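Source file: model-v2.txt. Holds: compact mmCIF, C-alpha atoms.
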```
# COMPACT_ATOMS: atom_id res chain seq x y z
CA MET A 201 15.25 23.50 -6.71
CA PHE A 202 13.33 20.29 -7.49
CA ILE A 203 16.27 19.04 -9.57
CA LEU A 204 18.45 19.28 -6.45
CA GLN A 205 15.78 17.36 -4.49
CA ILE A 206 15.92 14.60 -7.12
CA VAL A 207 19.70 14.35 -6.64
CA ILE A 208 19.44 14.25 -2.84
CA ILE A 209 16.56 11.76 -2.75
CA LEU A 210 18.03 9.31 -5.27
CA PHE A 211 21.49 9.37 -3.67
CA ALA A 212 20.20 9.19 -0.08
CA THR A 213 17.68 6.39 -0.69
CA LYS A 214 20.16 4.18 -2.54
CA LEU A 215 22.81 4.74 0.16
CA ALA A 216 20.32 4.13 2.99
CA GLY A 217 18.96 1.03 1.25
CA HIS A 218 22.49 -0.33 0.85
CA LEU A 219 23.29 0.29 4.52
CA ALA A 220 20.04 -1.38 5.64
CA ALA A 221 20.83 -4.42 3.48
CA ARG A 222 24.37 -4.56 4.92
CA LEU A 223 22.78 -4.63 8.39
CA GLY A 224 20.63 -7.59 7.37
CA GLN A 225 17.37 -5.64 6.93
CA PRO A 226 15.20 -5.08 3.83
CA SER A 227 16.50 -2.02 1.99
CA VAL A 228 13.05 -0.40 2.11
CA LEU A 229 13.52 0.19 5.86
CA GLY A 230 16.55 2.41 5.25
CA LYS A 231 14.72 4.31 2.51
CA ILE A 232 11.79 5.18 4.81
CA ILE A 233 14.06 6.21 7.67
CA VAL A 234 16.11 8.47 5.39
CA GLY A 235 12.86 10.25 4.51
CA ILE A 236 12.42 11.11 8.20
CA ILE A 237 16.04 12.29 8.41
CA LEU A 238 15.84 14.46 5.27
CA GLY A 239 12.37 15.81 6.04
CA PRO A 240 10.98 18.51 8.35
CA ALA A 241 11.34 16.29 11.44
CA LEU A 242 15.18 16.52 11.42
CA LEU A 243 17.35 18.09 8.68
CA GLY A 244 14.58 19.85 6.75
CA TRP A 245 16.35 19.42 3.40
CA ILE A 246 13.29 17.96 1.65
CA HIS A 247 9.74 19.29 1.88
CA ASP A 248 6.50 17.80 0.63
CA THR A 249 5.92 19.83 -2.53
CA GLU A 250 3.22 19.20 -5.13
CA LEU A 251 5.77 17.89 -7.64
CA LEU A 252 7.29 15.53 -5.07
CA ALA A 253 3.80 14.26 -4.24
CA VAL A 254 3.21 13.53 -7.95
CA PHE A 255 6.48 11.58 -8.23
CA SER A 256 5.55 9.72 -5.04
CA GLN A 257 2.10 8.79 -6.35
CA ILE A 258 3.56 7.52 -9.63
CA GLY A 259 6.09 5.53 -7.58
CA VAL A 260 3.51 3.68 -5.48
CA LEU A 261 1.34 3.00 -8.55
CA LEU A 262 4.29 1.47 -10.42
CA LEU A 263 5.24 -0.53 -7.31
CA MET A 264 1.78 -2.09 -7.11
CA PHE A 265 1.68 -2.52 -10.91
CA LEU A 266 4.87 -4.60 -10.71
CA ALA A 267 3.37 -6.59 -7.82
CA GLY A 268 0.40 -7.39 -10.03
CA LEU A 269 2.68 -8.46 -12.89
CA GLU A 270 4.44 -10.89 -10.52
CA THR A 271 1.24 -12.27 -8.97
CA ASP A 272 0.15 -15.79 -9.82
CA LEU A 273 -3.60 -15.40 -10.40
CA GLN A 274 -4.28 -19.11 -9.93
CA GLU A 275 -2.42 -19.08 -6.60
CA MET A 276 -4.33 -15.98 -5.53
CA ASN A 277 -7.64 -17.60 -6.46
CA LYS A 278 -6.71 -20.75 -4.52
CA ASN A 279 -6.11 -18.62 -1.41
CA LYS A 280 -9.24 -16.44 -1.56
CA LYS A 281 -10.73 -18.11 1.54
CA ALA A 282 -7.55 -17.39 3.48
CA ALA A 283 -7.53 -13.79 2.21
CA ILE A 284 -11.07 -13.27 3.54
CA TYR A 285 -10.13 -14.64 6.97
CA VAL A 286 -6.97 -12.52 7.11
CA ALA A 287 -8.79 -9.35 6.05
CA LEU A 288 -11.65 -9.82 8.53
CA GLY A 289 -9.28 -10.61 11.40
CA GLY A 290 -7.24 -7.54 10.47
CA ILE A 291 -10.35 -5.35 10.52
CA ILE A 292 -12.27 -6.60 13.57
CA LEU A 293 -9.48 -6.63 16.18
CA PRO A 294 -8.05 -3.16 15.30
CA ILE A 295 -11.58 -1.69 15.47
CA ILE A 296 -12.16 -3.19 18.94
CA LEU A 297 -8.76 -2.25 20.40
CA GLY A 298 -8.64 1.13 18.64
CA TYR A 299 -12.11 2.02 19.97
CA ALA A 300 -11.14 0.95 23.52
CA GLY A 301 -7.90 2.97 23.40
CA ALA A 302 -9.68 6.09 22.12
CA GLN A 303 -12.32 5.77 24.82
CA TYR A 304 -9.57 5.55 27.42
CA TYR A 305 -8.21 8.89 26.17
CA GLY A 306 -11.65 10.50 26.48
CA MET A 307 -12.70 10.66 22.84
CA SER A 308 -16.36 10.62 21.82
CA ALA A 309 -18.07 7.52 20.43
CA GLY A 310 -17.77 8.83 16.84
CA GLU A 311 -14.09 9.72 17.25
CA SER A 312 -13.38 6.35 18.87
CA ILE A 313 -15.06 4.43 16.05
CA PHE A 314 -13.10 6.45 13.49
CA ILE A 315 -9.80 5.69 15.27
CA GLY A 316 -10.68 1.99 15.23
CA LEU A 317 -11.49 2.11 11.53
CA LEU A 318 -8.33 4.09 10.81
CA LEU A 319 -6.23 1.40 12.51
CA SER A 320 -8.01 -1.32 10.52
CA ALA A 321 -6.76 0.15 7.23
CA THR A 322 -3.89 -1.62 5.48
CA SER A 323 -1.41 -0.54 2.84
CA VAL A 324 0.75 -3.39 1.59
CA SER A 325 2.85 -1.24 -0.75
CA ILE A 326 5.69 -1.33 1.80
CA SER A 327 5.09 -5.03 2.53
CA VAL A 328 5.12 -5.74 -1.22
CA GLN A 329 8.62 -4.29 -1.53
CA ALA A 330 9.89 -6.11 1.57
CA MET A 331 8.34 -9.44 0.44
CA ARG A 332 9.79 -8.89 -3.03
CA GLU A 333 13.28 -8.40 -1.62
CA LEU A 334 12.92 -11.46 0.61
CA GLY A 335 11.60 -13.64 -2.25
CA TRP A 336 8.16 -14.26 -0.71
CA LEU A 337 5.94 -12.10 -2.91
CA ASN A 338 5.07 -14.83 -5.42
CA SER A 339 4.16 -17.43 -2.79
CA LYS A 340 1.04 -18.73 -1.04
CA GLU A 341 1.67 -16.23 1.77
CA GLY A 342 2.27 -13.37 -0.64
CA SER A 343 -0.88 -14.10 -2.65
CA THR A 344 -2.97 -14.28 0.52
CA LEU A 345 -1.50 -11.01 1.75
CA LEU A 346 -2.30 -9.20 -1.50
CA GLY A 347 -5.83 -10.59 -1.67
CA ALA A 348 -6.49 -9.65 1.97
CA ALA A 349 -5.19 -6.11 1.39
CA VAL A 350 -7.54 -5.58 -1.56
CA LEU A 351 -10.53 -6.80 0.46
CA ASP A 352 -9.43 -4.76 3.49
CA ASP A 353 -9.25 -1.58 1.38
CA ILE A 354 -12.77 -2.05 0.02
CA VAL A 355 -14.40 -2.91 3.37
CA VAL A 356 -12.65 -0.17 5.36
CA VAL A 357 -13.45 2.58 2.83
CA ILE A 358 -17.14 1.58 2.96
CA LEU A 359 -17.12 1.51 6.78
CA ILE A 360 -15.34 4.90 6.93
CA ALA A 361 -17.97 6.36 4.58
CA ILE A 362 -20.76 4.99 6.79
CA ALA A 363 -19.08 6.39 9.92
CA MET A 364 -18.60 9.83 8.35
CA SER A 365 -22.18 9.81 7.09
CA PHE A 366 -23.49 8.95 10.55
CA PHE A 367 -21.20 10.97 12.83
CA ALA A 368 -19.91 13.82 10.66
CA GLY A 369 -23.12 14.53 8.74
CA SER A 370 -21.52 13.62 5.41
CA ASP A 371 -24.11 13.09 2.68
CA THR A 372 -22.95 9.68 1.43
CA ASN A 373 -25.06 7.22 -0.54
CA ILE A 374 -23.80 3.87 0.78
CA GLY A 375 -25.66 1.87 -1.88
CA LEU A 376 -24.06 3.95 -4.62
CA LEU A 377 -20.63 3.51 -2.98
CA ILE A 378 -20.94 -0.28 -2.93
CA GLY A 379 -22.40 -0.28 -6.44
CA LYS A 380 -19.38 1.63 -7.77
CA LYS A 381 -17.02 -0.99 -6.33
CA ILE A 382 -19.01 -3.84 -7.88
CA LEU A 383 -19.02 -1.93 -11.18
CA PHE A 384 -15.23 -1.54 -11.05
CA PHE A 385 -14.58 -5.27 -10.75
CA ALA A 386 -17.24 -6.15 -13.34
CA ILE A 387 -15.68 -3.79 -15.90
CA LEU A 388 -12.20 -4.99 -14.89
CA ILE A 389 -13.08 -8.59 -15.77
CA VAL A 390 -14.39 -7.51 -19.18
CA LEU A 391 -11.29 -5.37 -19.88
CA ALA A 392 -8.87 -8.08 -18.77
CA LYS A 393 -10.48 -10.75 -20.94
CA TRP A 394 -11.49 -8.92 -24.10
CA PHE A 395 -9.80 -5.52 -24.30
CA ILE A 396 -6.33 -5.39 -22.73
CA PRO A 397 -4.62 -8.16 -24.80
CA HIS A 398 -5.98 -6.71 -28.08
CA PHE A 399 -5.07 -3.17 -27.02
CA ILE A 400 -1.41 -4.11 -26.44
CA ARG A 401 -1.22 -6.10 -29.69
CA ALA A 402 -2.68 -3.16 -31.63
CA PHE A 403 -0.30 -0.72 -29.91
CA LYS A 404 2.63 -2.99 -30.74
CA LYS A 405 2.08 -2.25 -34.45
CA PHE A 406 2.67 1.49 -33.98
CA ARG A 407 5.88 2.67 -35.64
CA VAL A 408 7.18 4.35 -32.49
CA THR A 409 9.77 3.46 -29.86
CA GLU A 410 8.75 1.39 -26.79
CA SER A 411 5.14 0.99 -27.92
CA ILE A 412 4.55 -2.07 -25.71
CA LEU A 413 5.94 -0.30 -22.63
CA SER A 414 3.70 2.70 -23.32
CA ALA A 415 0.67 0.43 -23.73
CA GLY A 416 1.40 -1.17 -20.35
CA LEU A 417 1.74 2.23 -18.63
CA ILE A 418 -1.46 3.50 -20.25
CA ILE A 419 -3.32 0.48 -18.85
CA CYS A 420 -1.68 0.91 -15.42
CA PHE A 421 -2.49 4.60 -15.02
CA GLY A 422 -5.84 4.31 -16.81
CA LEU A 423 -7.12 1.64 -14.40
CA SER A 424 -5.66 3.58 -11.44
CA TYR A 425 -7.65 6.64 -12.46
CA PHE A 426 -10.77 4.55 -13.07
CA ALA A 427 -10.45 2.95 -9.62
CA GLU A 428 -10.12 6.33 -7.89
CA PHE A 429 -13.04 7.68 -9.91
CA LEU A 430 -15.20 4.87 -8.50
CA GLY A 431 -13.98 5.36 -4.92
CA ILE A 432 -11.31 2.65 -4.80
CA ALA A 433 -7.64 3.37 -4.07
CA GLY A 434 -5.57 3.94 -7.21
CA ILE A 435 -3.05 1.33 -6.05
CA ILE A 436 -5.78 -1.33 -6.35
CA GLY A 437 -6.37 -0.30 -9.97
CA ALA A 438 -2.63 -0.45 -10.69
CA PHE A 439 -2.35 -3.85 -9.02
CA PHE A 440 -5.15 -5.36 -11.10
CA ALA A 441 -3.74 -3.75 -14.24
CA GLY A 442 -0.57 -5.74 -13.55
CA ILE A 443 -2.57 -8.94 -13.00
CA ALA A 444 -4.47 -8.42 -16.26
CA ILE A 445 -1.27 -7.90 -18.27
CA ALA A 446 0.32 -10.90 -16.52
CA GLN A 447 -2.22 -13.09 -18.35
CA THR A 448 -0.83 -11.96 -21.73
CA GLU A 449 2.35 -12.82 -23.63
CA PHE A 450 3.67 -9.31 -22.91
CA ARG A 451 4.12 -9.84 -19.16
CA LYS A 452 7.90 -10.34 -19.09
CA GLU A 453 8.70 -7.57 -21.56
CA ILE A 454 6.60 -4.96 -19.73
CA GLU A 455 7.89 -6.03 -16.31
CA HIS A 456 11.50 -5.91 -17.53
CA LYS A 457 11.05 -2.38 -18.92
CA VAL A 458 8.94 -0.90 -16.10
CA GLU A 459 11.32 -2.00 -13.32
CA PRO A 460 14.16 0.40 -14.22
CA ILE A 461 11.75 3.32 -14.53
CA ALA A 462 10.05 2.51 -11.24
CA TYR A 463 13.08 1.76 -9.07
CA GLY A 464 15.42 4.13 -10.90
CA ILE A 465 13.46 7.27 -10.08
CA PHE A 466 9.82 7.13 -8.93
CA VAL A 467 9.66 4.49 -6.17
CA PRO A 468 12.40 6.20 -4.05
CA PHE A 469 10.17 9.29 -3.91
CA PHE A 470 7.34 7.21 -2.50
CA PHE A 471 9.53 5.79 0.28
CA VAL A 472 10.84 9.24 1.18
CA SER A 473 7.33 10.76 1.17
CA ILE A 474 6.29 8.36 3.95
CA GLY A 475 9.02 9.79 6.20
CA LEU A 476 8.20 13.40 5.26
CA ALA A 477 4.87 13.13 7.08
CA VAL A 478 6.69 12.93 10.44
CA SER A 479 6.85 16.01 12.62
CA PHE A 480 7.87 16.14 16.27
CA ASP A 481 6.35 19.56 16.98
CA GLY A 482 4.15 19.68 20.08
CA ILE A 483 4.13 15.96 20.86
CA GLY A 484 6.10 16.16 24.11
CA ASN A 485 2.97 15.62 26.23
CA GLN A 486 1.58 12.87 23.97
CA ILE A 487 4.41 10.34 24.16
CA GLY A 488 2.17 7.99 26.17
CA PHE A 489 -0.58 8.22 23.54
CA ILE A 490 1.91 7.45 20.75
CA VAL A 491 3.37 4.46 22.59
CA VAL A 492 -0.04 3.01 23.54
CA PHE A 493 -1.52 3.37 20.06
CA SER A 494 1.64 2.15 18.33
CA ILE A 495 1.37 -1.04 20.40
CA ILE A 496 -2.37 -1.31 19.66
CA ALA A 497 -1.77 -0.70 15.94
CA VAL A 498 0.97 -3.30 15.59
CA VAL A 499 -0.49 -5.99 17.88
CA SER A 500 -4.07 -5.73 16.57
CA LYS A 501 -3.10 -6.35 12.94
CA PHE A 502 -0.38 -8.87 13.75
CA VAL A 503 -2.68 -10.95 15.96
CA GLY A 504 -5.97 -10.34 14.10
CA SER A 505 -4.67 -11.11 10.60
CA GLY A 506 -2.36 -13.82 11.96
CA LEU A 507 -5.30 -15.61 13.61
CA GLY A 508 -7.23 -15.30 10.36
CA ALA A 509 -4.36 -17.01 8.51
CA LYS A 510 -4.16 -19.69 11.20
CA LEU A 511 -7.90 -20.42 10.92
CA ALA A 512 -7.44 -20.70 7.14
CA GLY A 513 -4.90 -23.50 7.65
CA PHE A 514 -1.51 -21.74 7.57
CA ASN A 515 1.20 -22.98 9.93
CA THR A 516 2.39 -20.77 12.78
CA LYS A 517 5.35 -19.24 10.92
CA SER A 518 3.29 -18.39 7.83
CA SER A 519 0.43 -17.02 9.96
CA MET A 520 2.82 -14.74 11.83
CA GLY A 521 4.37 -13.61 8.53
CA VAL A 522 1.00 -12.79 6.97
CA GLY A 523 0.02 -10.94 10.15
CA ALA A 524 3.25 -8.95 10.02
CA GLY A 525 2.68 -8.09 6.36
CA MET A 526 -0.69 -6.53 7.22
CA VAL A 527 0.74 -4.24 9.94
CA SER A 528 1.78 -1.33 7.68
CA ARG A 529 -0.89 1.37 7.40
CA GLY A 530 1.22 3.48 4.98
CA GLU A 531 -0.27 6.04 2.64
CA VAL A 532 -3.82 4.64 2.90
CA ALA A 533 -4.11 5.52 6.60
CA LEU A 534 -2.42 8.90 6.01
CA ILE A 535 -5.16 9.79 3.51
CA LEU A 536 -7.92 8.54 5.83
CA ALA A 537 -6.44 10.52 8.75
CA ALA A 538 -6.61 13.72 6.68
CA MET A 539 -10.25 12.90 5.82
CA GLY A 540 -11.03 12.35 9.51
CA LEU A 541 -9.44 15.65 10.48
CA GLU A 542 -11.42 17.51 7.84
CA GLY A 543 -14.66 15.74 8.83
CA GLY A 544 -14.18 16.42 12.54
CA LEU A 545 -13.81 12.75 13.52
CA LEU A 546 -10.08 12.95 14.30
CA PRO A 547 -9.33 15.48 17.08
CA ALA A 548 -6.89 18.12 15.81
CA ASN A 549 -4.73 17.88 18.95
CA TYR A 550 -4.10 14.18 18.26
CA TYR A 551 -3.55 14.44 14.49
CA THR A 552 0.27 14.64 14.56
CA SER A 553 0.49 11.80 17.08
CA VAL A 554 -1.77 9.60 14.93
CA ILE A 555 0.45 10.31 11.90
CA ILE A 556 3.50 9.20 13.90
CA VAL A 557 1.68 5.99 14.91
CA ILE A 558 0.97 5.30 11.22
CA ILE A 559 4.65 5.86 10.38
CA VAL A 560 5.70 3.53 13.22
CA THR A 561 3.57 0.71 11.77
CA THR A 562 5.19 1.32 8.39
CA ILE A 563 8.73 1.28 9.76
CA VAL A 564 8.35 -1.89 11.86
CA THR A 565 6.84 -3.97 9.04
CA PRO A 566 9.99 -4.72 6.95
CA PRO A 567 12.14 -5.94 9.90
CA LEU A 568 9.19 -7.96 11.23
CA LEU A 569 8.83 -9.70 7.87
CA LYS A 570 12.58 -10.32 7.70
CA ALA A 571 12.66 -11.76 11.23
CA ILE A 572 9.75 -14.14 10.55
CA PHE A 573 10.23 -15.17 6.93
CA GLY A 574 13.96 -14.71 6.32
CA LYS A 575 15.36 -14.81 2.80
CA ARG A 576 13.66 -17.27 0.44
CA ILE A 577 15.64 -18.81 -2.37
CA VAL A 578 13.45 -18.87 -5.46
CA ILE A 579 14.35 -21.48 -8.07
CA GLU A 580 13.20 -20.46 -11.54
```
Show the structure stored in the file as structure tokens.
Amino acid sequence: MFILQIVIILFATKLAGHLAARLGQPSVLGKIIVGIILGPALLGWIHDTELLAVFSQIGVLLLMFLAGLETDLQEMNKNKKAAIYVALGGIILPIILGYAGAQYYGMSAGESIFIGLLLSATSVSISVQAMRELGWLNSKEGSTLLGAAVLDDIVVVILIAIAMSFFAGSDTNIGLLIGKKILFFAILIVLAKWFIPHFIRAFKKFRVTESILSAGLIICFGLSYFAEFLGIAGIIGAFFAGIAIAQTEFRKEIEHKVEPIAYGIFVPFFFVSIGLAVSFDGIGNQIGFIVVFSIIAVVSKFVGSGLGAKLAGFNTKSSMGVGAGMVSRGEVALILAAMGLEGGLLPANYYTSVIIVIIVTTIVTPPLLKAIFGKRIVIE
């Protein structure tokens, strides 16, 4: 049965991506929408199985790994001040507006704070693909966006842990949580400088096929696992694995060989999995909630992160583009929503509606980026 799902997903995503591109939109938009069409919300041809989830997870890890391989570390370092401003603006305003909206709908203080924190999460995996298609990923704006997303992920996970510890009675050691994150980046620096280049060179000598590709994938998945083990999203580990390899002479070869694997099979599963989360069951009386929180979710990130970029010295167009790139909540918010439901901080009767709001932010991001940035011609 899963073999048939592979056929359907690969064919449908490529067709939908082509149609979206023909309509002047990033192809990723069509791929997400086709996930909604194929999933339980409409046709019901594809269901979220464990194997599909594994393919999806590999897809998003490879997507962020490729983003890391394409990232200019010097450019990213130059824009670290802007990344901090963008991340903080994209955290503070969603918390304020999300809290106010939840209070309006009668939620408790703990639930309202959780909703605000949930809306402050960011997943740039969708933005990465859209920026890549538009030619803006390896730019000042793209570097700032990626840096802000990394910082956002770290801060929001810590704040969520504090909230769950305080309101849900979760036994969380905040000092240990922060210490693990510091440990991750300290070990990452050591690995990137002294281990990774030598590891790939040693692996290159193995008398086996595609040894360099395998070495790159081992580093990608190894750092993803290590990041998750220390309480950081796996996509952050994959992203920094790409950055580390980008500093070696093997960058182009690994990127060239990973791309076909990623986009040929695994990444389409990730795009489809976003749409599979949508369900329209029992939301008839919550349309108002969905509309209000979709507006809050989009506007709070767009304005908050956009203002952060503006304060950091970006012009209006670039500030709006960076703000738009931070709008997508993607798989990060989906995971946090499930945690909130389990911890009692996300009311069960609003869970489906919150998931739809998260999907709305993910769907609107690619066309927003296209409308603001347009296609960039990159001269090699």
Nearest residue to Tyr550 (chain A) out of A:Ile490, A:Ala571, A:Ala267, A:Ala330, using all atoms listed in the file? A:Ile490
Any idea what's packed within 10 Å of Met331 (chain A), counting all atoms listed in the file, ignoring anything in its chain fewer than 2 positions away? Could you give it as an MDAnalysis selection string? chainID A and resid 226 324:329 333:339 341:342 521 525 566 569:570 573:576
Write out the residues from the selection above, keeping C-alpha atoms, as an mmCIF file, in the frame of the given file.
```
data_model
loop_
_atom_site.group_PDB
_atom_site.id
_atom_site.type_symbol
_atom_site.label_atom_id
_atom_site.label_comp_id
_atom_site.auth_asym_id
_atom_site.auth_seq_id
_atom_site.Cartn_x
_atom_site.Cartn_y
_atom_site.Cartn_z
ATOM 1 C CA PRO A 226 15.200 -5.080 3.830
ATOM 2 C CA VAL A 324 0.750 -3.390 1.590
ATOM 3 C CA SER A 325 2.850 -1.240 -0.750
ATOM 4 C CA ILE A 326 5.690 -1.330 1.800
ATOM 5 C CA SER A 327 5.090 -5.030 2.530
ATOM 6 C CA VAL A 328 5.120 -5.740 -1.220
ATOM 7 C CA GLN A 329 8.620 -4.290 -1.530
ATOM 8 C CA GLU A 333 13.280 -8.400 -1.620
ATOM 9 C CA LEU A 334 12.920 -11.460 0.610
ATOM 10 C CA GLY A 335 11.600 -13.640 -2.250
ATOM 11 C CA TRP A 336 8.160 -14.260 -0.710
ATOM 12 C CA LEU A 337 5.940 -12.100 -2.910
ATOM 13 C CA ASN A 338 5.070 -14.830 -5.420
ATOM 14 C CA SER A 339 4.160 -17.430 -2.790
ATOM 15 C CA GLU A 341 1.670 -16.230 1.770
ATOM 16 C CA GLY A 342 2.270 -13.370 -0.640
ATOM 17 C CA GLY A 521 4.370 -13.610 8.530
ATOM 18 C CA GLY A 525 2.680 -8.090 6.360
ATOM 19 C CA PRO A 566 9.990 -4.720 6.950
ATOM 20 C CA LEU A 569 8.830 -9.700 7.870
ATOM 21 C CA LYS A 570 12.580 -10.320 7.700
ATOM 22 C CA PHE A 573 10.230 -15.170 6.930
ATOM 23 C CA GLY A 574 13.960 -14.710 6.320
ATOM 24 C CA LYS A 575 15.360 -14.810 2.800
ATOM 25 C CA ARG A 576 13.660 -17.270 0.440
#
```
Selection as a PyMOL selection string: residues within 8 Å of (-3.4, -14.8, -23.9), counting only C-alpha atoms: chain A and resi 397+447-449
Expected file: the selected residues, C-alpha atoms, as a PDB file, in the coordinates of the input:
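Output (out_19.pdb):
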```
ATOM      1  CA  PRO A 397      -4.620  -8.160 -24.800  1.00  0.00           C
ATOM      2  CA  GLN A 447      -2.220 -13.090 -18.350  1.00  0.00           C
ATOM      3  CA  THR A 448      -0.830 -11.960 -21.730  1.00  0.00           C
ATOM      4  CA  GLU A 449       2.350 -12.820 -23.630  1.00  0.00           C
TER       5      GLU A 449
END
```
Given all atoms listed in the file as the basis, pick out the residue of A:Val356, A:Ile208, A:Leu261, A:Leu318 nearest to Ala537 (chain A).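 For Ala537 (chain A), the nearest of the candidates is A:Leu318.
Distances to Val527 (chain A) were evaluated for A:Ser227, A:Ser365, A:Ser320, A:Ser312 using all atoms listed in the file, and the minimum falls at A:Ser320.
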The centre and edge lengths of an axis-aligned box containing all atoms of region 344-352 of chain A present in the file, extended by 8 Å on each side, are to be given in Å to one decimal, as JSON.
```
{"center_x": -6.0, "center_y": -9.5, "center_z": 0.9, "size_x": 25.0, "size_y": 25.5, "size_z": 21.2}
```
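Going from CA of Phe466 (chain A) over to CA of Ala253 (chain A), you cover 10.4 Å.
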Name the residues in contact with region 474-480 of chain A at a cut-off of 9 Å, using only C-alpha atoms, excluding same-chain residues fewer than 2 positions from it; report them as a PyMOL selection string. chain A and resi 231-242+246-248+469-472+482-484+530-531+534+552-553+555-556+559+562
10 Å contact set for region 429-438 of chain A, all atoms listed in the file, chain neighbours under 6 positions out, as number ranges by chain: A: 257-258, 260-269, 323-325, 346, 349-351, 353-354, 357-358, 376-385, 388, 417, 419-423, 444, 532
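One distance worth recording is that between CA of Ile206 (chain A) and CA of Arg529 (chain A), which is 25.9 Å.
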With a distance cut-off of 10 Å and only C-alpha atoms, select the neighbouring residues of Ala402 (chain A), excluding the residue or stretch itself and same-chain residues fewer than 6 positions from it, and output the selection as a list in words.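 Counting only C-alpha atoms, the residues come to Ile396, Ser411, Ile412 and Ala415 of chain A.
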Best match for closeness to Ala441 (chain A) among A:Gly298, A:Pro460, A:Gly416, A:Gly506, counting only C-alpha atoms: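 Ranked by minimum distance to Ala441 (chain A), first place goes to A:Gly416.
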Rounded to one decimal place, report the CA of Leu545 (chain A)-CA of Val355 (chain A) distance in Å. 18.7 Å
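Checking A:Trp394, A:Phe450, A:Phe440, A:Tyr425 one by one against Leu413 (chain A), counting only C-alpha atoms, you find the shortest gap at A:Phe450.
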Need the neighbours of (-14.4, 12.1, 10.7): which residues are at most 7 Å away, counting all atoms listed in the file, as a ChimeraX atom specification? /A:311,314,364,368,539-546
Of the candidates A:Ile400, A:Leu297, A:Ile465, A:Leu391, which one gets nearest to Phe211 (chain A) if we count all atoms listed in the file?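 Closest residue, counting all atoms listed in the file: A:Ile465.
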Take region 528-541 of chain A from the preceding structure and save N, CA and C atoms as an mmCIF file, in the first residue's frame.
```
data_model
loop_
_atom_site.group_PDB
_atom_site.id
_atom_site.type_symbol
_atom_site.label_atom_id
_atom_site.label_comp_id
_atom_site.auth_asym_id
_atom_site.auth_seq_id
_atom_site.Cartn_x
_atom_site.Cartn_y
_atom_site.Cartn_z
ATOM 1 N N SER A 528 5.551 31.527 8.445
ATOM 2 C CA SER A 528 5.232 30.097 8.478
ATOM 3 C C SER A 528 5.570 29.465 9.826
ATOM 4 N N ARG A 529 4.575 28.792 10.428
ATOM 5 C CA ARG A 529 4.804 28.091 11.696
ATOM 6 C C ARG A 529 5.153 26.622 11.441
ATOM 7 N N GLY A 530 4.656 26.057 10.329
ATOM 8 C CA GLY A 530 5.052 24.728 9.865
ATOM 9 C C GLY A 530 5.058 23.642 10.920
ATOM 10 N N GLU A 531 6.000 22.708 10.742
ATOM 11 C CA GLU A 531 6.023 21.509 11.586
ATOM 12 C C GLU A 531 6.423 21.803 13.023
ATOM 13 N N VAL A 532 7.147 22.903 13.258
ATOM 14 C CA VAL A 532 7.549 23.250 14.626
ATOM 15 C C VAL A 532 6.313 23.530 15.480
ATOM 16 N N ALA A 533 5.409 24.363 14.977
ATOM 17 C CA ALA A 533 4.192 24.694 15.731
ATOM 18 C C ALA A 533 3.267 23.484 15.865
ATOM 19 N N LEU A 534 3.254 22.611 14.846
ATOM 20 C CA LEU A 534 2.427 21.398 14.938
ATOM 21 C C LEU A 534 2.885 20.519 16.098
ATOM 22 N N ILE A 535 4.198 20.401 16.269
ATOM 23 C CA ILE A 535 4.751 19.605 17.374
ATOM 24 C C ILE A 535 4.430 20.261 18.718
ATOM 25 N N LEU A 536 4.597 21.591 18.791
ATOM 26 C CA LEU A 536 4.321 22.310 20.033
ATOM 27 C C LEU A 536 2.842 22.239 20.397
ATOM 28 N N ALA A 537 1.969 22.274 19.382
ATOM 29 C CA ALA A 537 0.521 22.180 19.632
ATOM 30 C C ALA A 537 0.180 20.829 20.266
ATOM 31 N N ALA A 538 0.796 19.768 19.756
ATOM 32 C CA ALA A 538 0.564 18.433 20.320
ATOM 33 C C ALA A 538 1.053 18.369 21.769
ATOM 34 N N MET A 539 2.200 19.018 22.048
ATOM 35 C CA MET A 539 2.717 19.075 23.415
ATOM 36 C C MET A 539 1.754 19.823 24.326
ATOM 37 N N GLY A 540 1.193 20.937 23.835
ATOM 38 C CA GLY A 540 0.257 21.732 24.612
ATOM 39 C C GLY A 540 -1.024 20.978 24.916
ATOM 40 N N LEU A 541 -1.486 20.215 23.931
ATOM 41 C CA LEU A 541 -2.699 19.412 24.134
ATOM 42 C C LEU A 541 -2.463 18.359 25.213
#
```
